[in-house]
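Data file: protein00.csv. Format and content: CSV, C-alpha atoms.
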```csv
chain,number,residue,atom,x,y,z
A,866,MET,CA,23.4,-0.6,-0.9
A,867,GLU,CA,21.5,-3.6,-2.0
A,868,HIS,CA,20.6,-6.3,0.5
A,869,SER,CA,19.2,-9.5,-0.9
A,870,THR,CA,18.2,-12.6,1.1
A,871,THR,CA,16.9,-16.1,0.4
A,872,GLU,CA,15.1,-18.3,2.9
A,873,ALA,CA,17.2,-19.6,5.8
A,874,PRO,CA,18.5,-23.2,5.5
A,875,ASN,CA,16.3,-26.0,6.8
A,876,ALA,CA,16.1,-25.8,10.6
A,877,ASN,CA,16.2,-29.6,11.0
A,878,PRO,CA,19.1,-30.9,8.9
A,879,GLN,CA,19.7,-34.6,8.5
A,880,GLY,CA,23.2,-34.7,10.1
A,881,THR,CA,26.3,-32.8,9.2
A,882,ARG,CA,29.3,-33.4,6.9
A,883,ARG,CA,32.7,-31.9,6.6
A,884,THR,CA,33.0,-29.0,4.1
A,885,ARG,CA,36.3,-27.6,3.1
A,886,PHE,CA,36.8,-23.8,2.6
A,887,VAL,CA,39.8,-22.3,1.0
A,888,CYS,CA,40.2,-18.7,2.1
A,889,ILE,CA,42.2,-16.0,0.4
A,890,ALA,CA,42.4,-12.2,0.4
A,891,ASP,CA,44.6,-9.4,-0.8
A,892,THR,CA,46.1,-11.1,-3.8
A,893,HIS,CA,46.8,-7.7,-5.4
A,894,ASN,CA,47.2,-9.0,-8.9
A,895,CYS,CA,49.1,-12.1,-7.9
A,896,THR,CA,48.0,-15.7,-8.6
A,897,VAL,CA,48.9,-18.4,-6.1
A,898,LYS,CA,48.6,-22.1,-6.0
A,899,LEU,CA,45.2,-23.0,-4.5
A,900,PRO,CA,44.7,-26.2,-2.4
A,901,LYS,CA,41.7,-28.4,-3.2
A,902,GLY,CA,38.4,-27.7,-1.5
A,903,ASP,CA,34.7,-27.4,-1.9
A,904,VAL,CA,34.3,-23.6,-1.5
A,905,LEU,CA,36.8,-20.8,-2.4
A,906,ILE,CA,36.3,-17.4,-0.8
A,907,HIS,CA,38.2,-14.3,-1.8
A,908,CYS,CA,37.8,-11.5,0.8
A,909,GLY,CA,38.7,-8.6,-1.5
A,910,ASP,CA,41.7,-6.6,-2.9
A,911,LEU,CA,42.0,-8.6,-6.0
A,912,THR,CA,44.0,-5.8,-7.5
A,913,ASN,CA,46.2,-2.7,-6.7
A,914,GLN,CA,44.0,-0.1,-8.5
A,915,GLY,CA,41.0,-1.9,-9.9
A,916,GLY,CA,42.2,-1.5,-13.6
A,917,TYR,CA,40.5,-3.6,-16.3
A,918,LYS,CA,43.7,-5.5,-17.1
A,919,GLU,CA,44.3,-6.2,-13.4
A,920,LEU,CA,40.7,-7.5,-12.9
A,921,SER,CA,40.7,-9.5,-16.1
A,922,LYS,CA,43.8,-11.4,-14.9
A,923,GLN,CA,42.3,-12.1,-11.5
A,924,VAL,CA,38.9,-13.1,-12.8
A,925,LYS,CA,40.5,-15.5,-15.3
A,926,TRP,CA,42.5,-17.2,-12.6
A,927,LEU,CA,39.6,-17.5,-10.3
A,928,GLU,CA,37.3,-18.8,-13.0
A,929,GLU,CA,39.8,-21.6,-13.8
A,930,ALA,CA,40.0,-22.7,-10.2
A,931,ASP,CA,38.3,-26.0,-9.6
A,932,PHE,CA,35.7,-25.5,-6.7
A,933,GLU,CA,32.0,-26.1,-6.6
A,934,LEU,CA,31.4,-22.7,-5.2
A,935,LYS,CA,33.5,-19.6,-5.5
A,936,ILE,CA,32.5,-16.4,-3.6
A,937,VAL,CA,34.3,-13.1,-4.3
A,938,ILE,CA,34.0,-9.6,-2.8
A,939,ALA,CA,35.8,-6.4,-3.5
A,940,GLY,CA,38.2,-4.6,-1.3
A,941,ASN,CA,39.3,-1.0,-0.9
A,942,HIS,CA,42.0,-1.3,-3.7
A,943,ASP,CA,39.4,-2.5,-6.3
A,944,LEU,CA,38.6,1.1,-7.1
A,945,THR,CA,36.5,0.6,-10.2
A,946,LEU,CA,34.1,-1.8,-8.4
A,947,ASP,CA,32.8,1.0,-6.2
A,948,SER,CA,30.5,3.2,-8.4
A,949,GLU,CA,30.2,6.0,-5.7
A,950,PHE,CA,34.0,6.2,-5.3
A,951,GLN,CA,34.4,6.3,-9.1
A,952,GLU,CA,32.0,9.2,-9.4
A,953,ALA,CA,33.8,11.2,-6.7
A,954,TRP,CA,37.4,10.2,-7.4
A,955,GLY,CA,37.6,8.4,-10.7
A,956,GLN,CA,39.1,11.4,-12.6
A,957,TYR,CA,41.9,11.6,-10.1
A,958,ARG,CA,42.7,7.9,-9.9
A,959,HIS,CA,42.3,6.8,-13.5
A,960,ASP,CA,44.9,4.6,-15.0
A,961,GLY,CA,44.5,5.8,-18.6
A,962,SER,CA,42.6,2.6,-19.6
A,963,PRO,CA,39.8,3.1,-22.2
A,964,TYR,CA,37.6,0.8,-20.1
A,965,GLY,CA,35.2,2.4,-17.6
A,966,ALA,CA,33.9,1.3,-14.2
A,967,GLU,CA,30.9,-0.5,-15.8
A,968,ASP,CA,33.2,-2.6,-17.9
A,969,CYS,CA,35.3,-3.6,-14.9
A,970,GLN,CA,32.2,-4.4,-12.8
A,971,ALA,CA,30.8,-6.5,-15.6
A,972,LEU,CA,33.9,-8.7,-15.5
A,973,LEU,CA,32.8,-10.1,-12.1
A,974,ALA,CA,29.1,-9.8,-12.5
A,975,ASP,CA,29.2,-11.8,-15.7
A,976,ALA,CA,31.6,-14.4,-14.6
A,977,LYS,CA,29.7,-17.7,-14.9
A,978,THR,CA,31.5,-19.6,-12.2
A,979,LEU,CA,31.9,-16.9,-9.7
A,980,THR,CA,29.4,-15.5,-7.1
A,981,TYR,CA,30.2,-11.9,-6.7
A,982,MET,CA,28.6,-10.4,-3.6
A,983,VAL,CA,28.2,-6.7,-2.7
A,984,HIS,CA,26.9,-6.2,0.8
A,985,GLU,CA,24.2,-8.9,0.7
A,986,SER,CA,23.3,-12.3,2.1
A,987,ARG,CA,22.5,-15.5,0.4
A,988,SER,CA,22.0,-19.2,1.3
A,989,PHE,CA,23.7,-21.9,-0.6
A,990,LYS,CA,23.6,-25.6,-1.0
A,991,LEU,CA,26.3,-27.7,-2.6
A,992,THR,CA,24.7,-30.2,-4.9
A,993,SER,CA,27.5,-31.7,-6.8
A,994,SER,CA,27.4,-35.5,-6.8
A,995,THR,CA,31.1,-35.5,-5.7
A,996,GLY,CA,30.7,-32.8,-3.1
A,997,PRO,CA,29.5,-32.8,0.6
A,998,LYS,CA,25.9,-31.8,-0.3
A,999,THR,CA,25.9,-29.3,2.6
A,1000,MET,CA,24.2,-26.0,3.0
A,1001,PHE,CA,25.1,-22.7,4.7
A,1002,SER,CA,24.2,-19.0,4.7
A,1003,VAL,CA,26.6,-16.2,3.9
A,1004,PHE,CA,26.7,-12.4,4.4
A,1005,ALA,CA,29.4,-10.7,2.4
A,1006,SER,CA,30.5,-7.0,2.3
A,1007,PRO,CA,33.4,-5.1,0.8
A,1008,TYR,CA,33.2,-2.2,3.3
A,1009,SER,CA,35.8,-1.2,5.9
A,1010,PRO,CA,36.7,1.9,8.0
A,1011,ALA,CA,38.7,4.6,6.2
A,1012,TRP,CA,42.4,3.9,6.4
A,1013,GLY,CA,45.3,5.6,4.6
A,1014,GLY,CA,43.6,8.0,2.3
A,1015,ALA,CA,40.8,7.8,-0.3
A,1016,TRP,CA,40.0,4.3,-1.2
A,1017,ALA,CA,36.9,2.3,-2.3
A,1018,PHE,CA,34.1,1.0,-0.1
A,1019,GLN,CA,35.2,2.9,3.0
A,1020,TYR,CA,33.3,4.8,5.6
A,1021,PRO,CA,34.5,7.4,8.2
A,1022,ARG,CA,36.2,5.6,11.1
A,1023,ASP,CA,34.4,7.7,13.7
A,1024,ASP,CA,30.9,7.4,12.2
A,1025,ASP,CA,29.4,4.8,14.5
A,1026,LEU,CA,25.9,5.6,13.2
A,1027,PHE,CA,26.8,4.7,9.6
A,1028,ALA,CA,28.6,1.6,10.8
A,1029,GLU,CA,25.6,0.5,12.8
A,1030,THR,CA,23.3,1.0,9.8
A,1031,LEU,CA,25.7,-1.0,7.7
A,1032,TRP,CA,26.4,-4.0,10.0
A,1033,GLU,CA,23.0,-4.4,11.5
A,1034,GLU,CA,22.0,-5.8,8.1
A,1035,ILE,CA,23.8,-9.0,8.8
A,1036,PRO,CA,21.0,-11.6,9.3
A,1037,LEU,CA,21.1,-13.4,12.6
A,1038,ASP,CA,21.0,-16.8,10.9
A,1039,THR,CA,24.3,-16.2,9.1
A,1040,ASP,CA,26.8,-19.1,9.1
A,1041,VAL,CA,29.7,-17.3,7.4
A,1042,VAL,CA,30.4,-13.6,7.5
A,1043,ILE,CA,32.8,-12.3,4.8
A,1044,THR,CA,34.1,-8.8,5.1
A,1045,HIS,CA,37.2,-7.1,3.6
A,1046,GLY,CA,38.1,-5.3,6.8
A,1047,PRO,CA,38.4,-7.0,10.2
A,1048,ALA,CA,36.5,-6.5,13.4
A,1049,ARG,CA,38.3,-4.5,16.0
A,1050,THR,CA,40.9,-6.4,18.0
A,1051,HIS,CA,40.4,-9.5,15.9
A,1052,LEU,CA,43.4,-10.0,13.6
A,1053,ASP,CA,43.6,-6.3,12.9
A,1054,LEU,CA,47.0,-5.1,14.2
A,1055,ALA,CA,48.7,-3.0,11.5
A,1056,ARG,CA,52.4,-2.2,11.2
A,1057,ALA,CA,52.2,0.3,14.0
A,1058,SER,CA,50.6,-2.3,16.3
A,1059,GLU,CA,47.4,-0.3,16.2
A,1060,ALA,CA,44.0,-2.0,16.2
A,1061,SER,CA,42.5,-0.9,12.9
A,1062,GLY,CA,39.3,-2.9,12.7
A,1063,CYS,CA,35.7,-1.8,13.2
A,1064,GLU,CA,34.3,-1.9,16.8
A,1065,ILE,CA,30.6,-1.8,15.5
A,1066,LEU,CA,31.3,-4.9,13.4
A,1067,ARG,CA,32.7,-6.7,16.4
A,1068,GLN,CA,29.6,-5.9,18.4
A,1069,GLN,CA,27.4,-7.1,15.6
A,1070,LEU,CA,29.4,-10.3,15.3
A,1071,TRP,CA,28.6,-10.9,19.0
A,1072,ARG,CA,24.9,-10.7,18.2
A,1073,VAL,CA,25.1,-12.9,15.1
A,1074,ARG,CA,27.9,-15.3,16.4
A,1075,PRO,CA,28.5,-16.9,13.0
A,1076,ARG,CA,30.6,-20.1,12.6
A,1077,LEU,CA,33.2,-18.2,10.5
A,1078,ALA,CA,34.2,-14.6,10.3
A,1079,LEU,CA,36.5,-14.1,7.3
A,1080,CYS,CA,38.5,-11.0,6.3
A,1081,GLY,CA,41.7,-9.6,4.9
A,1082,HIS,CA,42.9,-6.0,4.5
A,1083,ILE,CA,45.5,-5.9,7.3
A,1084,HIS,CA,48.2,-8.1,5.7
A,1085,GLU,CA,50.5,-8.3,8.8
A,1086,ALA,CA,47.6,-9.7,10.9
A,1087,ARG,CA,47.1,-12.8,8.8
A,1088,GLY,CA,46.1,-15.8,10.9
A,1089,ALA,CA,43.2,-17.3,12.8
A,1090,GLU,CA,41.7,-17.4,16.3
A,1091,ARG,CA,38.7,-19.0,17.9
A,1092,VAL,CA,36.5,-16.8,20.1
A,1093,LEU,CA,34.2,-18.1,22.8
A,1094,TRP,CA,31.5,-15.5,23.3
A,1095,ASP,CA,30.3,-14.3,26.7
A,1096,LEU,CA,26.5,-14.6,26.7
A,1097,ASP,CA,26.6,-13.5,30.4
A,1098,SER,CA,27.8,-10.0,29.4
A,1099,ASP,CA,26.3,-6.5,29.1
A,1100,SER,CA,29.1,-5.3,26.8
A,1101,TYR,CA,29.5,-7.7,23.9
A,1102,GLY,CA,32.0,-9.7,25.9
A,1103,GLU,CA,34.3,-12.6,25.1
A,1104,LEU,CA,35.3,-15.4,27.4
A,1105,GLU,CA,38.3,-16.8,25.7
A,1106,ARG,CA,40.5,-16.4,22.6
A,1107,THR,CA,42.5,-19.3,21.2
A,1108,PRO,CA,45.0,-18.3,18.5
A,1109,TRP,CA,45.9,-20.6,15.7
A,1110,ALA,CA,49.4,-20.9,14.2
A,1111,ASP,CA,50.4,-22.7,11.0
A,1112,PRO,CA,52.6,-25.5,12.4
A,1113,ASP,CA,54.7,-25.5,9.2
A,1114,PRO,CA,54.4,-22.2,7.5
A,1115,ASP,CA,57.4,-22.7,5.1
A,1116,SER,CA,56.2,-26.0,3.7
A,1117,GLU,CA,53.7,-26.7,1.0
A,1118,LYS,CA,51.4,-28.5,3.4
A,1119,ASN,CA,47.9,-27.0,3.8
A,1120,ALA,CA,47.6,-24.2,6.4
A,1121,LEU,CA,44.7,-26.1,8.0
A,1122,VAL,CA,42.2,-24.9,10.6
A,1123,ASP,CA,40.2,-28.0,11.6
A,1124,LEU,CA,36.9,-27.2,13.3
A,1125,THR,CA,35.2,-30.6,12.8
A,1126,ALA,CA,34.1,-33.2,15.2
A,1127,LYS,CA,37.1,-35.3,14.1
A,1128,CYS,CA,39.5,-32.9,15.8
A,1129,GLN,CA,39.9,-32.9,19.6
A,1130,ASN,CA,38.2,-29.6,19.9
A,1131,PRO,CA,35.3,-29.0,17.4
A,1132,LEU,CA,33.8,-25.5,17.0
A,1133,ASP,CA,31.1,-24.9,19.6
A,1134,ASN,CA,28.5,-23.5,17.2
A,1135,ASP,CA,25.5,-25.4,16.0
A,1136,GLY,CA,24.2,-22.6,13.8
A,1137,SER,CA,20.9,-22.4,15.7
A,1138,TYR,CA,18.5,-19.6,15.0
A,1139,ALA,CA,15.1,-18.4,15.9
A,1140,GLU,CA,12.5,-18.5,13.2
A,1141,THR,CA,10.5,-15.6,14.8
A,1142,THR,CA,11.5,-12.4,16.4
A,1143,PRO,CA,10.4,-12.1,20.0
A,1144,THR,CA,8.6,-8.9,21.0
A,1145,GLY,CA,6.7,-7.7,23.9
A,1146,GLY,CA,2.9,-7.0,24.1
A,1147,PRO,CA,1.4,-3.5,23.7
A,1148,GLY,CA,1.9,-2.8,27.4
A,1149,GLY,CA,5.2,-4.4,27.6
A,1150,GLU,CA,3.8,-7.6,29.0
A,1151,LYS,CA,5.4,-10.9,28.1
A,1152,THR,CA,4.2,-12.8,25.1
A,1153,ASP,CA,4.5,-16.6,24.4
A,1154,GLN,CA,7.8,-15.8,22.8
A,1155,GLY,CA,8.9,-13.9,25.9
A,1156,ASP,CA,8.0,-17.0,28.0
A,1157,GLU,CA,10.2,-19.0,25.7
A,1158,LEU,CA,13.1,-16.6,26.3
A,1159,GLU,CA,12.6,-16.8,30.1
A,1160,GLU,CA,12.9,-20.6,29.9
A,1161,GLU,CA,16.1,-20.3,27.9
A,1162,VAL,CA,17.5,-17.7,30.3
A,1163,GLU,CA,16.7,-20.1,33.2
A,1164,LYS,CA,18.5,-22.9,31.5
A,1165,LEU,CA,21.5,-20.6,31.0
A,1166,ASN,CA,21.3,-19.5,34.7
A,1167,ILE,CA,21.6,-23.1,35.7
A,1168,GLU,CA,24.6,-23.5,33.4
A,1169,VAL,CA,26.4,-20.4,34.6
A,1170,GLU,CA,25.7,-21.2,38.2
A,1171,SER,CA,27.3,-24.5,37.7
A,1172,LEU,CA,30.4,-22.6,36.8
A,1173,ARG,CA,29.9,-20.2,39.7
A,1174,LEU,CA,29.6,-17.2,37.4
A,1175,GLY,CA,26.4,-15.9,38.9
A,1176,LYS,CA,23.1,-15.1,37.4
A,1177,ALA,CA,22.6,-14.2,33.7
A,1178,PRO,CA,22.2,-10.4,33.6
A,1179,GLU,CA,19.5,-8.2,32.2
A,1180,LEU,CA,21.2,-8.2,28.8
A,1181,LEU,CA,19.6,-11.5,28.1
A,1182,ARG,CA,16.2,-9.9,28.4
A,1183,LYS,CA,17.2,-6.8,26.5
A,1184,ASP,CA,18.6,-8.3,23.4
A,1185,ARG,CA,16.0,-11.0,22.9
A,1186,GLU,CA,16.4,-11.0,19.2
A,1187,ALA,CA,20.0,-12.0,19.4
A,1188,LEU,CA,19.6,-14.7,22.0
A,1189,THR,CA,16.2,-16.4,21.8
A,1190,GLY,CA,16.7,-19.9,20.3
A,1191,ARG,CA,20.4,-19.2,19.6
A,1192,PHE,CA,22.3,-20.3,22.7
A,1193,GLY,CA,24.0,-22.9,20.6
A,1194,ARG,CA,26.0,-20.2,18.8
A,1195,LYS,CA,28.8,-20.0,21.4
A,1196,GLU,CA,31.9,-19.8,19.4
A,1197,THR,CA,33.2,-18.1,16.2
A,1198,CYS,CA,36.4,-18.7,14.3
A,1199,PHE,CA,37.9,-15.5,13.0
A,1200,ILE,CA,40.3,-15.7,10.0
A,1201,ASN,CA,42.4,-13.1,8.3
A,1202,CYS,CA,43.5,-14.8,5.1
A,1203,SER,CA,45.7,-12.1,3.4
A,1204,ILE,CA,48.0,-13.6,0.8
A,1205,GLN,CA,50.4,-10.6,0.6
A,1206,HIS,CA,52.7,-10.7,3.6
A,1207,THR,CA,53.4,-7.0,3.7
A,1208,SER,CA,51.3,-3.9,3.1
A,1209,TYR,CA,50.8,-1.8,-0.1
A,1210,PRO,CA,52.7,-0.2,-1.8
A,1211,HIS,CA,54.9,-3.2,-2.8
A,1212,LEU,CA,58.3,-1.9,-3.8
A,1213,LYS,CA,59.5,-3.3,-7.1
A,1214,GLU,CA,63.0,-3.7,-5.8
A,1215,ALA,CA,61.8,-5.8,-2.8
A,1216,ARG,CA,61.0,-9.4,-3.1
A,1217,ARG,CA,57.4,-10.0,-2.3
A,1218,ARG,CA,56.5,-12.6,0.3
A,1219,PHE,CA,53.3,-14.5,0.2
A,1220,ASN,CA,51.2,-16.3,2.8
A,1221,LYS,CA,49.6,-19.7,2.1
A,1222,PRO,CA,45.8,-19.8,1.6
A,1223,ILE,CA,44.1,-20.8,4.9
A,1224,VAL,CA,42.1,-24.0,4.6
A,1225,VAL,CA,39.1,-24.5,7.0
A,1226,ASP,CA,37.3,-27.8,7.6
A,1227,LEU,CA,33.9,-27.2,9.1
A,1228,ASP,CA,31.0,-29.6,9.8
A,1229,LEU,CA,27.8,-28.2,8.1
A,1230,PRO,CA,24.3,-29.5,7.8
A,1231,ILE,CA,23.4,-31.7,4.9
A,1232,TRP,CA,20.6,-30.1,2.9
A,1233,ALA,CA,17.1,-31.7,2.8
A,1234,ALA,CA,15.2,-32.5,-0.3
A,1235,ASP,CA,12.7,-29.7,0.3
A,1236,ASP,CA,15.3,-27.0,1.1
A,1237,THR,CA,14.9,-23.7,-0.9
A,1238,SER,CA,18.5,-22.4,-0.7
A,1239,GLU,CA,20.0,-21.6,-4.0
A,1240,PRO,CA,22.4,-24.2,-5.5
A,1241,ALA,CA,26.0,-23.3,-6.0
A,1242,PRO,CA,26.7,-21.9,-9.6
A,1243,GLY,CA,27.7,-24.7,-11.9
A,1244,SER,CA,26.7,-27.5,-9.5
A,1245,THR,CA,24.9,-30.6,-10.8
```

Turn the structure described in the file into C-alpha cells.
Amino acid sequence: MEHSTTEAPNANPQGTRRTRFVCIADTHNCTVKLPKGDVLIHCGDLTNQGGYKELSKQVKWLEEADFELKIVIAGNHDLTLDSEFQEAWGQYRHDGSPYGAEDCQALLADAKTLTYMVHESRSFKLTSSTGPKTMFSVFASPYSPAWGGAWAFQYPRDDDLFAETLWEEIPLDTDVVITHGPARTHLDLARASEASGCEILRQQLWRVRPRLALCGHIHEARGAERVLWDLDSDSYGELERTPWADPDPDSEKNALVDLTAKCQNPLDNDGSYAETTPTGGPGGEKTDQGDELEEEVEKLNIEVESLRLGKAPELLRKDREALTGRFGRKETCFINCSIQHTSYPHLKEARRRFNKPIVVDLDLPIWAADDTSEPAPGST
C-alpha cells in the first residue's frame, strides 16, 4: 500500500472562510443531481462489480460535475480497482468484458479533473479566483473490514494487528478522513442492527480527531453525528454524540450540515497540530517537549477541574504524540453519505430509493502565499 504525503498546511493561517463539501458514496452505477459546492467527495462503491462500462459511466458523470476539487476513492464493490483482489478472485468474478483491471484503473488514474486516492494523504489548497481559497489535509482509503463474502479492499474483521498497521498511517494533522467503511458504532448499523464498523479505526480517529470523518458502505446508516472527544480518558472515550437529521428529507433542499461560526454551534476543532513529535530522553527523563506537554496537561487539569471531572489521567502522558499541541481538536463530525437507501443486491423489480447528497459547510484556514500544499486539479 502506497502512502504519500505533502507538507502540512501553514500553521498560522490568516483567518478562515466557509468551504462547502458535497459528500456522496455508494452510487452503484447511478447518477444523481449534485448540489453546488467547492469540493466533491465520493467515498467509494461507484459501481456494482467494477466493470469497465460501469466505471466509464461513473467517471464521465463525475468529470462533468462542476467543482474546484473532486476526490474519489474506491469501495468494496469496485472490484477491478483492487489489483490484489483481481489476482486472487478475478477469474471467478469476471463480467466477460475484454477490458482488464489495468484498463479500469486507468479510467480513474487518468481522469484530469478527478483526484483518485488509494490509502494516502495529501494537502490541498483551493486557488480558484471564485472559490474560498482555503486549505486542508486529507487522508483517504478504500479499506473496510470483511463483510458478506469476498470483496475488494477488505481485511479480516478479527485481525486487529493488520487494522492497526493500516490505520496508524493516518497523519495526526489530517483535517478530513475519507474511508469507505465506517468506524465502529459511528453510523455503522446494518440491517440486523449490528455494529459493522472497525474498532481500530475508531480508536485512531480519537488520536487524530479530524474535523470530518466521511464514509459510506452501510447504506441504512446514512446520516451524520457530531462527537465530542473525551481527552480525559484512558480508553479512547467520547463525551457526547449529537445526531443530525435532515429537516426535510423529501424535498429538493440541500441536506445541510452547518459547522461554521455562523451557526449557533460551530464545530469545536481548530485543526491544531504539533510540528514535532515529543519523545523522552535516553533515560526516560523529560525533554523540553515533555515540559511543553506538562504545561498543556496542567492547563487541561484546570479546565477539567472547573467541570469537577477530576485530574487528567496518565493517558495524557502516555500518548504524547496524539495530544501535545493538539488540545484544540475536541470534536469531529462523522458522516455516512450513502446515496443508495438499501443494501446490495438491488432487486430489479423493486423501485430503488435514493438519499440526497450531504452538504457540509466548514470553516477552513485561508492559505498563505508561501504555503506548499498542492493546488486542486484544474484550479487557476

Go ahead and find all residues with at least one atom no further than 8 Å from (34.6, -16.4, -19.5) in the file's coordinates, using all atoms listed in the file; report them as a PyMOL selection string.
chain A and resi 925+928+976-977

What does the file look like for those residues with C-alpha atoms, as a short mmCIF file (atom, residue, chain, number, x, y, z; two decimals), in the coordinates of the input?
```cif
data_model
loop_
_atom_site.label_atom_id
_atom_site.label_comp_id
_atom_site.auth_asym_id
_atom_site.auth_seq_id
_atom_site.Cartn_x
_atom_site.Cartn_y
_atom_site.Cartn_z
CA LYS A 925 40.50 -15.50 -15.30
CA GLU A 928 37.30 -18.80 -13.00
CA ALA A 976 31.60 -14.40 -14.60
CA LYS A 977 29.70 -17.70 -14.90
#
```

What separation in Å, quoted to one decimal, exists between CA of Leu911 in chain A and CA of Arg1218 in chain A?
16.3 Å

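Nearest residue to Phe1199 in chain A, choosing from A:Leu1229, A:Leu1070, A:Leu1104, A:Ala1120 and counting all atoms listed in the file: A:Leu1070.
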
Closest of A:Ala1060, A:Ala1017, A:Ala1187, A:Leu979 to Glu949 in chain A - atom-to-atom distances counting all atoms listed in the file:
A:Ala1017

Straight-line distance linking CA of Leu1054 in chain A with CA of His1206 in chain A, stated in Å to one decimal:
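CA of His1206 in chain A lies 13.3 Å from CA of Leu1054 in chain A.
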
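Note that CA of Arg1194 in chain A and CA of Pro1007 in chain A are 24.6 Å apart.
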
Which residues come within 8 Å of Val887 in chain A, counting all atoms listed in the file, excluding same-chain residues fewer than 3 positions away, as a VMD selection string?
chain A and resid 899 to 906 1222 to 1225

Selection file, C-alpha atoms, as an mmCIF file, in the coordinates of the input:
```
data_model
loop_
_atom_site.group_PDB
_atom_site.id
_atom_site.type_symbol
_atom_site.label_atom_id
_atom_site.label_comp_id
_atom_site.auth_asym_id
_atom_site.auth_seq_id
_atom_site.Cartn_x
_atom_site.Cartn_y
_atom_site.Cartn_z
ATOM 1 C CA LEU A 899 45.200 -23.000 -4.500
ATOM 2 C CA PRO A 900 44.700 -26.200 -2.400
ATOM 3 C CA LYS A 901 41.700 -28.400 -3.200
ATOM 4 C CA GLY A 902 38.400 -27.700 -1.500
ATOM 5 C CA ASP A 903 34.700 -27.400 -1.900
ATOM 6 C CA VAL A 904 34.300 -23.600 -1.500
ATOM 7 C CA LEU A 905 36.800 -20.800 -2.400
ATOM 8 C CA ILE A 906 36.300 -17.400 -0.800
ATOM 9 C CA PRO A 1222 45.800 -19.800 1.600
ATOM 10 C CA ILE A 1223 44.100 -20.800 4.900
ATOM 11 C CA VAL A 1224 42.100 -24.000 4.600
ATOM 12 C CA VAL A 1225 39.100 -24.500 7.000
#
```

Measuring between all atoms listed in the file, which one of A:Arg1191, A:His1045, A:Arg1185, A:Arg1072 shows the shortest distance to Asp910 in chain A?
A:His1045

Hey, which of A:Gly909, A:Pro997, A:Gly1102, A:Pro1108 ends up closest to Ala890 in chain A? Count all atoms listed in the file.
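Result for the nearest residue to Ala890 in chain A: A:Gly909.
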
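For the residues A:Gln1069, A:Gly916, A:Gly1062, A:Lys898, ranking by smallest atom-to-atom distance to Phe1219 in chain A using all atoms listed in the file places A:Lys898 first.
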
Nearest residue to Leu927 in chain A out of A:Ile1200, A:Arg1217, A:Asn894, A:Glu1033, using all atoms listed in the file?
A:Asn894

Selection near range 1122-1139 of chain A, 6 Å with all atoms listed in the file, sequence-local residues under 3 positions removed, as number ranges by chain
A: 1038, 1190-1191, 1193-1196, 1225-1228

Output C-alpha atoms for every residue in that selection, as a PDB file, in the coordinates of the input.
```pdb
ATOM      1  CA  ASP A1038      21.000 -16.800  10.900  1.00  0.00           C
ATOM      2  CA  GLY A1190      16.700 -19.900  20.300  1.00  0.00           C
ATOM      3  CA  ARG A1191      20.400 -19.200  19.600  1.00  0.00           C
ATOM      4  CA  GLY A1193      24.000 -22.900  20.600  1.00  0.00           C
ATOM      5  CA  ARG A1194      26.000 -20.200  18.800  1.00  0.00           C
ATOM      6  CA  LYS A1195      28.800 -20.000  21.400  1.00  0.00           C
ATOM      7  CA  GLU A1196      31.900 -19.800  19.400  1.00  0.00           C
ATOM      8  CA  VAL A1225      39.100 -24.500   7.000  1.00  0.00           C
ATOM      9  CA  ASP A1226      37.300 -27.800   7.600  1.00  0.00           C
ATOM     10  CA  LEU A1227      33.900 -27.200   9.100  1.00  0.00           C
ATOM     11  CA  ASP A1228      31.000 -29.600   9.800  1.00  0.00           C
TER      12      ASP A1228
END
```

Near-Tyr981 in chain A list (8 Å; all atoms listed in the file; drop same-chain fewer than 5 positions) as a ChimeraX atom specification
/A:936-938,973-974

Any idea what's packed within 10 Å of Gln1068 in chain A, counting all atoms listed in the file, ignoring anything in its chain fewer than 5 positions away? Could you give it as a PyMOL selection string?
chain A and resi 1029+1032-1033+1048-1049+1063+1073-1074+1100-1102
